[in-house]
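A.B. asks: Here it is: the structure, laid out below.
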Amino acid sequence: MQVSIACTEHNLKSRNGEERLISKQNAAAPNVVNAARAKFRTVAIIARSLGTFTPQHHISLKESTAKQTGMKYRNLGKSGLRVSCLGLGTWVTFGGQISDEVAEQLMTIAYESGVNLFDTAEVYAAGKAEVILGNILKKKGWRRSSLVITTKLYWGGKAETERGLSRKHIIEEIVRAMTHVINQGMAMYWGTSRWSAMEIMEAYSVARQFNLIPPVCEQAEYHLFQREKVEVQLPELYHKIGVGAMTWSPLACGIISGKYGNGVPESSRAALKCYQWLKEKIISEEGRKQQTKLKDLSPIAERLGCTLPQLAVAWCLRNEGVSSVLLGSSNPEQLIENLGAIQVLPKMTSHIVNEIDNILGNKPYSKKDYRS
């Protein structure tokens, strides 16, 4: 199963340099990796800017648990596609930070742990991430019907015709293009990434008006320090049009891992030249406040018998409106640790969640909450 995700450069200014480039490059189909893509169906996801939406509703997605692995599965939005609550992402790692051998190890651990969702993008490592992913799938010989592959589209190359979402870069053209991709059998579903709620609603309206296929999910950043969109804006979309949430960066690019509690280690990602923006964020006043809050959360993790990263991932999963949380790992030990969040999820009682909220002090409220 392939899910395609499209991105645009509109207002993607939350981070600098590499991440903005990656976000922008998440949407127009490239020619470089067509051969690798042909080996598997995809869910396409299209990314844009963030926006605002207000009412908040409770969401309860039907959940099931695999007996052998303990992995939990939920529907992707209101579609019939079942995805593992934890997925494996390839940003920074595949084709860049890790070797092909380690990438295969990570995919094997994830698959054998019940993960069926693997996320990539045409821009990751200039297309290498998609190729590596495809080669590993071919080598392992896993049943294709047991996998869901998501890829993101936007900047496919340097030429003007190799980037963008459509010939006009407007929502109607995007919806028409993604409908064509699905009708041609290149993907089974499509979604968005970093689009505003208003833009997603417009895409849905266009699809209904012209008898086209609407998006089924939004891929959004979600972690202890980034909550507004997933907890306030997306629930409204789920109830109105069935769009689900697939979230990324549960550890906030490693900030929540605890490794930056006493500064920036030389071996960390934030120490790299291309991640100067991350280092500046960590050493800023806000970054220091976040580290203090993480230290306050550590006793909760200890009481639950888990690590801080496991608590953070389980906290994301406790939101029943989230279909799947994408993990990024650079080594097997890290991935195994993060997958262990599934075992922590049952311990995330309302009392624990409220205790975490009191420490964070950033729970978002909708207009509905203020009225009540």
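Going through the structure tokens in order, the chains are called A, B, and so on, while each chain numbers its residues from 1 and the ligands are numbered from 1 in the order shown.
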Out of stretch 104-346 of chain A, which residues get helix (DSSP H, G or I) from DSSP, as number ranges by chain?
C.D. replies: A: 104-112, 124-140, 144-146, 160-162, 171-183, 197-209, 228-241, 255-257, 269-271, 273-283, 285-304, 308-317, 332-339, 341-346
A.B. asks: I'd like the contact shell of stretch 257-271 of chain A - 9 Å cut-off, only C-alpha atoms, skipping same-chain residues fewer than 3 positions apart - returned as a list in words.
C.D. replies: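 Contacts, with the query itself left out: Leu251, Ala252, Cys253, Gly254, Cys274, Tyr275, Gln276, Trp277, Leu278, Lys279, Glu280, Ile282, Ile283, Arg288, Gln291, Thr292, Leu294, Lys295, Thr307, Leu308, Pro309 and Ala312 of chain A.
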A.B. asks: Take the residues just selected and output them with N, CA, C and O atoms as a CSV table (one decimal), in the first residue's frame.
C.D. replies:
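Full text of selection23.csv as output:
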chain,number,residue,atom,x,y,z
A,251,LEU,N,10.0,13.2,19.5
A,251,LEU,CA,11.1,13.6,20.5
A,251,LEU,C,11.7,14.9,20.1
A,251,LEU,O,12.7,15.3,20.6
A,252,ALA,N,11.0,15.7,19.3
A,252,ALA,CA,11.4,17.0,18.9
A,252,ALA,C,12.8,17.1,18.4
A,252,ALA,O,13.6,17.9,19.0
A,253,CYS,N,13.1,16.3,17.4
A,253,CYS,CA,14.5,16.2,16.9
A,253,CYS,C,15.5,15.9,17.9
A,253,CYS,O,16.7,16.4,17.9
A,254,GLY,N,15.2,15.1,18.9
A,254,GLY,CA,16.1,14.6,19.9
A,254,GLY,C,16.1,15.5,21.2
A,254,GLY,O,16.7,15.1,22.2
A,274,CYS,N,25.2,21.7,9.9
A,274,CYS,CA,23.9,21.8,9.2
A,274,CYS,C,22.7,21.9,10.1
A,274,CYS,O,21.6,22.1,9.7
A,275,TYR,N,23.0,21.6,11.4
A,275,TYR,CA,21.9,21.7,12.4
A,275,TYR,C,22.2,22.8,13.4
A,275,TYR,O,21.8,22.7,14.6
A,276,GLN,N,22.8,23.9,13.0
A,276,GLN,CA,23.0,25.0,13.8
A,276,GLN,C,21.7,25.6,14.4
A,276,GLN,O,21.6,26.0,15.5
A,277,TRP,N,20.6,25.5,13.6
A,277,TRP,CA,19.3,26.0,14.0
A,277,TRP,C,18.8,25.2,15.3
A,277,TRP,O,18.2,25.8,16.2
A,278,LEU,N,19.2,23.9,15.3
A,278,LEU,CA,18.7,23.1,16.4
A,278,LEU,C,19.5,23.4,17.7
A,278,LEU,O,19.0,23.5,18.8
A,279,LYS,N,20.8,23.7,17.5
A,279,LYS,CA,21.7,24.0,18.6
A,279,LYS,C,21.2,25.3,19.2
A,279,LYS,O,21.1,25.5,20.4
A,280,GLU,N,20.9,26.3,18.3
A,280,GLU,CA,20.4,27.6,18.8
A,280,GLU,C,19.1,27.5,19.6
A,280,GLU,O,18.9,28.2,20.6
A,282,ILE,N,18.2,24.8,21.3
A,282,ILE,CA,18.4,24.1,22.5
A,282,ILE,C,19.0,25.1,23.6
A,282,ILE,O,18.6,25.0,24.8
A,283,ILE,N,20.0,25.9,23.2
A,283,ILE,CA,20.7,26.8,24.1
A,283,ILE,C,19.9,28.1,24.4
A,283,ILE,O,20.3,28.9,25.2
A,288,ARG,N,16.2,26.1,27.4
A,288,ARG,CA,16.5,25.8,28.8
A,288,ARG,C,15.3,25.6,29.6
A,288,ARG,O,15.3,24.7,30.5
A,291,GLN,N,14.2,22.0,28.9
A,291,GLN,CA,15.0,21.0,29.6
A,291,GLN,C,14.7,20.9,31.1
A,291,GLN,O,14.7,19.8,31.6
A,292,THR,N,14.3,22.0,31.7
A,292,THR,CA,13.9,22.0,33.1
A,292,THR,C,12.6,21.2,33.2
A,292,THR,O,12.4,20.4,34.2
A,294,LEU,N,11.6,18.8,31.2
A,294,LEU,CA,11.9,17.4,31.0
A,294,LEU,C,12.5,16.8,32.3
A,294,LEU,O,12.2,15.6,32.5
A,295,LYS,N,13.3,17.5,33.0
A,295,LYS,CA,13.8,17.0,34.3
A,295,LYS,C,12.7,16.7,35.3
A,295,LYS,O,12.7,15.8,36.0
A,307,THR,N,11.7,4.9,30.1
A,307,THR,CA,12.6,6.0,29.8
A,307,THR,C,11.8,7.2,29.5
A,307,THR,O,10.6,7.2,29.1
A,308,LEU,N,12.5,8.4,29.5
A,308,LEU,CA,11.8,9.6,29.1
A,308,LEU,C,11.3,9.6,27.6
A,308,LEU,O,10.2,10.0,27.3
A,309,PRO,N,12.2,9.1,26.7
A,309,PRO,CA,11.7,9.0,25.3
A,309,PRO,C,10.5,8.1,25.2
A,309,PRO,O,9.5,8.4,24.4
A,312,ALA,N,7.5,10.0,26.3
A,312,ALA,CA,7.1,11.0,25.3
A,312,ALA,C,6.4,10.4,24.1
A,312,ALA,O,5.4,11.0,23.6
A.B. asks: Which residue, A:Arg227, A:Lys140, A:Lys128, A:Lys240, has the smallest gap to A:Thr90 when you use only C-alpha atoms?
C.D. replies: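 Result for the nearest residue to A:Thr90: A:Lys128.
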A.B. asks: In Å, with one decimal, what is the gap from atom CA of A:Ser79 to atom CA of A:Ile109?
C.D. replies: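 Atom CA of A:Ile109 lies at a distance of 27.1 Å from atom CA of A:Ser79.
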A.B. asks: Taking only C-alpha atoms into account, which of A:Leu106, A:Ala187, A:Leu224, A:Val206 comes nearest A:Val313?
C.D. replies: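 Nearest to A:Val313: A:Leu224.
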A.B. asks: Find the distance between atom CA of A:Gly340 and atom CA of A:Val115 and write it in Å to one decimal.
C.D. replies: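 Computed distance, atom CA of A:Gly340 to atom CA of A:Val115, equals 12.2 Å.
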A.B. asks: Name the closest residue to A:Asn319 among the candidates A:Cys85, A:Cys306, A:Cys217, A:Ala203; distances are taken between atoms, counting only C-alpha atoms.
C.D. replies: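 Using only C-alpha atoms, A:Asn319 sits closest to A:Cys85.
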A.B. asks: Calculated over only C-alpha atoms, which of the candidates A:Ser145, A:Gln226, A:Gln343, A:Thr247 has the smallest distance to A:Gln310?
C.D. replies: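 Closest residue, counting only C-alpha atoms: A:Gln343.
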